[in-house]
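Each remark here refers to the structure printed beneath this line.
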Amino acid sequence: MQQNAPLTEGVYYILLALYEPRHGYGIMQLVESLSNGRVQLGPGTLYGAIKSLVTKRWIVPYEEDGRKKEYVITALGKEVVEEEVRRLKELYMNGQNILNQEGPL
């Protein structure tokens with residue numbers, strides 16, 4: 001699957017969080033934990049992203065428990081994450097290769 005644009009950090013972490021079914025607050029907590037507090041999603045940002053990800057079919061509603069609606073990543077969403085990880089690895093390796101070169105560029 002060829003991506004048109006890189007994922008934002010928030011979307012990337014939301015997708016990672018949804019490899020197991022989670023509701024909104026659980027997603028926010030895991031994203032903050034995975035990013036060591038660097039990425040903190042507010043409710044507006046999270047639910048806007050969720051709506052977009054459902055529209056793209058990268059996630060789907062999983063189960064409703066009263067007011068708490070859970071979501072889970074789809075096979076298509078997993079493909080998107082895998083492509084993003086490949087892209088990030090390429091960025092990292094290119095940076096390491098340049099930094100490890102000896103002498104002036």
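Order determines the names: the first chain of the structure tokens is A, the second B, and so forth; residues in each chain are numbered 1 upward, and ligands are numbered 1 upward as they are shown.
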Running DSSP on the backbone, which parts of chain A land in helix (DSSP H, G or I), as number ranges by chain? A: 9-17, 24-34, 43-55, 75-100
Those residues you just picked out, can you put them in a file as a PDB file, in the first residue's frame with C-alpha atoms?
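Full text of part_34.pdb as output:
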ATOM      1  CA  GLU A   9       2.386  11.283  15.411  1.00  0.00           C
ATOM      2  CA  GLY A  10      -1.071  11.378  16.934  1.00  0.00           C
ATOM      3  CA  VAL A  11      -2.613   9.191  14.232  1.00  0.00           C
ATOM      4  CA  TYR A  12       0.368   6.823  14.316  1.00  0.00           C
ATOM      5  CA  TYR A  13       0.019   6.337  18.065  1.00  0.00           C
ATOM      6  CA  ILE A  14      -3.772   6.017  17.898  1.00  0.00           C
ATOM      7  CA  LEU A  15      -3.406   3.209  15.360  1.00  0.00           C
ATOM      8  CA  LEU A  16      -0.798   1.484  17.537  1.00  0.00           C
ATOM      9  CA  ALA A  17      -3.081   1.813  20.558  1.00  0.00           C
ATOM     10  CA  GLY A  24     -11.171   7.016  23.953  1.00  0.00           C
ATOM     11  CA  TYR A  25      -9.739   7.528  27.422  1.00  0.00           C
ATOM     12  CA  GLY A  26      -7.764   4.288  27.148  1.00  0.00           C
ATOM     13  CA  ILE A  27      -6.334   5.459  23.829  1.00  0.00           C
ATOM     14  CA  MET A  28      -5.294   8.813  25.345  1.00  0.00           C
ATOM     15  CA  GLN A  29      -3.589   7.083  28.277  1.00  0.00           C
ATOM     16  CA  LEU A  30      -1.681   4.581  26.122  1.00  0.00           C
ATOM     17  CA  VAL A  31      -0.568   7.230  23.616  1.00  0.00           C
ATOM     18  CA  GLU A  32       0.793   9.371  26.432  1.00  0.00           C
ATOM     19  CA  SER A  33       2.557   6.351  27.936  1.00  0.00           C
ATOM     20  CA  LEU A  34       4.025   5.088  24.632  1.00  0.00           C
ATOM     21  CA  PRO A  43     -10.643  14.848  23.463  1.00  0.00           C
ATOM     22  CA  GLY A  44     -11.352  17.062  20.432  1.00  0.00           C
ATOM     23  CA  THR A  45      -8.190  15.957  18.644  1.00  0.00           C
ATOM     24  CA  LEU A  46      -8.761  12.298  19.500  1.00  0.00           C
ATOM     25  CA  TYR A  47     -12.390  12.129  18.453  1.00  0.00           C
ATOM     26  CA  GLY A  48     -11.718  14.108  15.269  1.00  0.00           C
ATOM     27  CA  ALA A  49      -8.979  11.618  14.392  1.00  0.00           C
ATOM     28  CA  ILE A  50     -11.218   8.654  15.262  1.00  0.00           C
ATOM     29  CA  LYS A  51     -13.937   9.957  12.946  1.00  0.00           C
ATOM     30  CA  SER A  52     -11.406  10.333  10.127  1.00  0.00           C
ATOM     31  CA  LEU A  53      -9.875   6.895  10.745  1.00  0.00           C
ATOM     32  CA  VAL A  54     -13.310   5.241  10.714  1.00  0.00           C
ATOM     33  CA  THR A  55     -14.108   7.005   7.414  1.00  0.00           C
ATOM     34  CA  ALA A  75      -6.375  -5.113   8.368  1.00  0.00           C
ATOM     35  CA  LEU A  76      -6.142  -1.993   6.179  1.00  0.00           C
ATOM     36  CA  GLY A  77      -5.114   0.067   9.193  1.00  0.00           C
ATOM     37  CA  LYS A  78      -2.388  -2.465   9.984  1.00  0.00           C
ATOM     38  CA  GLU A  79      -1.081  -2.148   6.412  1.00  0.00           C
ATOM     39  CA  VAL A  80      -0.927   1.624   6.889  1.00  0.00           C
ATOM     40  CA  VAL A  81       1.066   1.207  10.137  1.00  0.00           C
ATOM     41  CA  GLU A  82       3.452  -1.266   8.494  1.00  0.00           C
ATOM     42  CA  GLU A  83       4.071   1.152   5.612  1.00  0.00           C
ATOM     43  CA  GLU A  84       4.692   3.992   8.065  1.00  0.00           C
ATOM     44  CA  VAL A  85       7.180   1.875  10.045  1.00  0.00           C
ATOM     45  CA  ARG A  86       9.060   1.106   6.784  1.00  0.00           C
ATOM     46  CA  ARG A  87       9.098   4.832   5.969  1.00  0.00           C
ATOM     47  CA  LEU A  88      10.379   5.737   9.435  1.00  0.00           C
ATOM     48  CA  LYS A  89      13.083   3.036   9.258  1.00  0.00           C
ATOM     49  CA  GLU A  90      14.253   4.486   5.940  1.00  0.00           C
ATOM     50  CA  LEU A  91      14.417   7.983   7.443  1.00  0.00           C
ATOM     51  CA  TYR A  92      16.362   6.666  10.430  1.00  0.00           C
ATOM     52  CA  MET A  93      18.811   4.643   8.340  1.00  0.00           C
ATOM     53  CA  ASN A  94      19.468   7.536   5.945  1.00  0.00           C
ATOM     54  CA  GLY A  95      20.157   9.821   8.894  1.00  0.00           C
ATOM     55  CA  GLN A  96      22.472   7.271  10.509  1.00  0.00           C
ATOM     56  CA  ASN A  97      24.346   6.754   7.237  1.00  0.00           C
ATOM     57  CA  ILE A  98      24.978  10.483   6.821  1.00  0.00           C
ATOM     58  CA  LEU A  99      25.919  10.977  10.493  1.00  0.00           C
ATOM     59  CA  ASN A 100      28.327   8.049  10.366  1.00  0.00           C
TER      60      ASN A 100
END
Write out as number ranges by chain the set of residues from range 27-86 of chain A that DSSP, computed on the backbone, places in strand (DSSP E). A: 59-65, 68-73
Output file for the residues above (N, CA and C atoms, as a short mmCIF file (atom, residue, chain, number, x, y, z; two decimals), in the first residue's frame):
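Once everything was written out, this is again.cif:
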data_model
loop_
_atom_site.label_atom_id
_atom_site.label_comp_id
_atom_site.auth_asym_id
_atom_site.auth_seq_id
_atom_site.Cartn_x
_atom_site.Cartn_y
_atom_site.Cartn_z
N ILE A 59 -9.87 1.95 11.16
CA ILE A 59 -10.36 1.43 12.44
C ILE A 59 -11.87 1.24 12.31
N VAL A 60 -12.42 0.43 13.20
CA VAL A 60 -13.88 0.22 13.23
C VAL A 60 -14.34 0.20 14.68
N PRO A 61 -15.61 0.56 14.90
CA PRO A 61 -16.15 0.40 16.25
C PRO A 61 -16.12 -1.08 16.61
N TYR A 62 -15.79 -1.37 17.85
CA TYR A 62 -15.66 -2.75 18.30
C TYR A 62 -16.84 -3.15 19.18
N GLU A 63 -17.08 -2.36 20.19
CA GLU A 63 -18.11 -2.70 21.16
C GLU A 63 -18.51 -1.44 21.91
N GLU A 64 -19.77 -1.36 22.26
CA GLU A 64 -20.22 -0.25 23.09
C GLU A 64 -20.58 -0.77 24.46
N ASP A 65 -20.07 -0.10 25.48
CA ASP A 65 -20.39 -0.45 26.85
C ASP A 65 -20.96 0.81 27.50
N LYS A 68 -19.22 4.27 26.71
CA LYS A 68 -17.87 4.03 26.22
C LYS A 68 -17.92 3.18 24.95
N LYS A 69 -17.46 3.77 23.85
CA LYS A 69 -17.41 3.06 22.58
C LYS A 69 -15.97 2.65 22.35
N GLU A 70 -15.74 1.37 22.09
CA GLU A 70 -14.39 0.89 21.81
C GLU A 70 -14.17 0.81 20.31
N TYR A 71 -12.91 0.94 19.92
CA TYR A 71 -12.50 0.84 18.52
C TYR A 71 -11.36 -0.15 18.42
N VAL A 72 -11.15 -0.68 17.22
CA VAL A 72 -10.04 -1.59 16.97
C VAL A 72 -9.53 -1.35 15.54
N ILE A 73 -8.25 -1.60 15.32
CA ILE A 73 -7.64 -1.39 14.01
C ILE A 73 -8.10 -2.49 13.05
#
In Å to one decimal, how far is CA of Thr74 in chain A from CA of Tyr19 in chain A?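 Between CA of Tyr19 in chain A and CA of Thr74 in chain A the gap is 8.6 Å.
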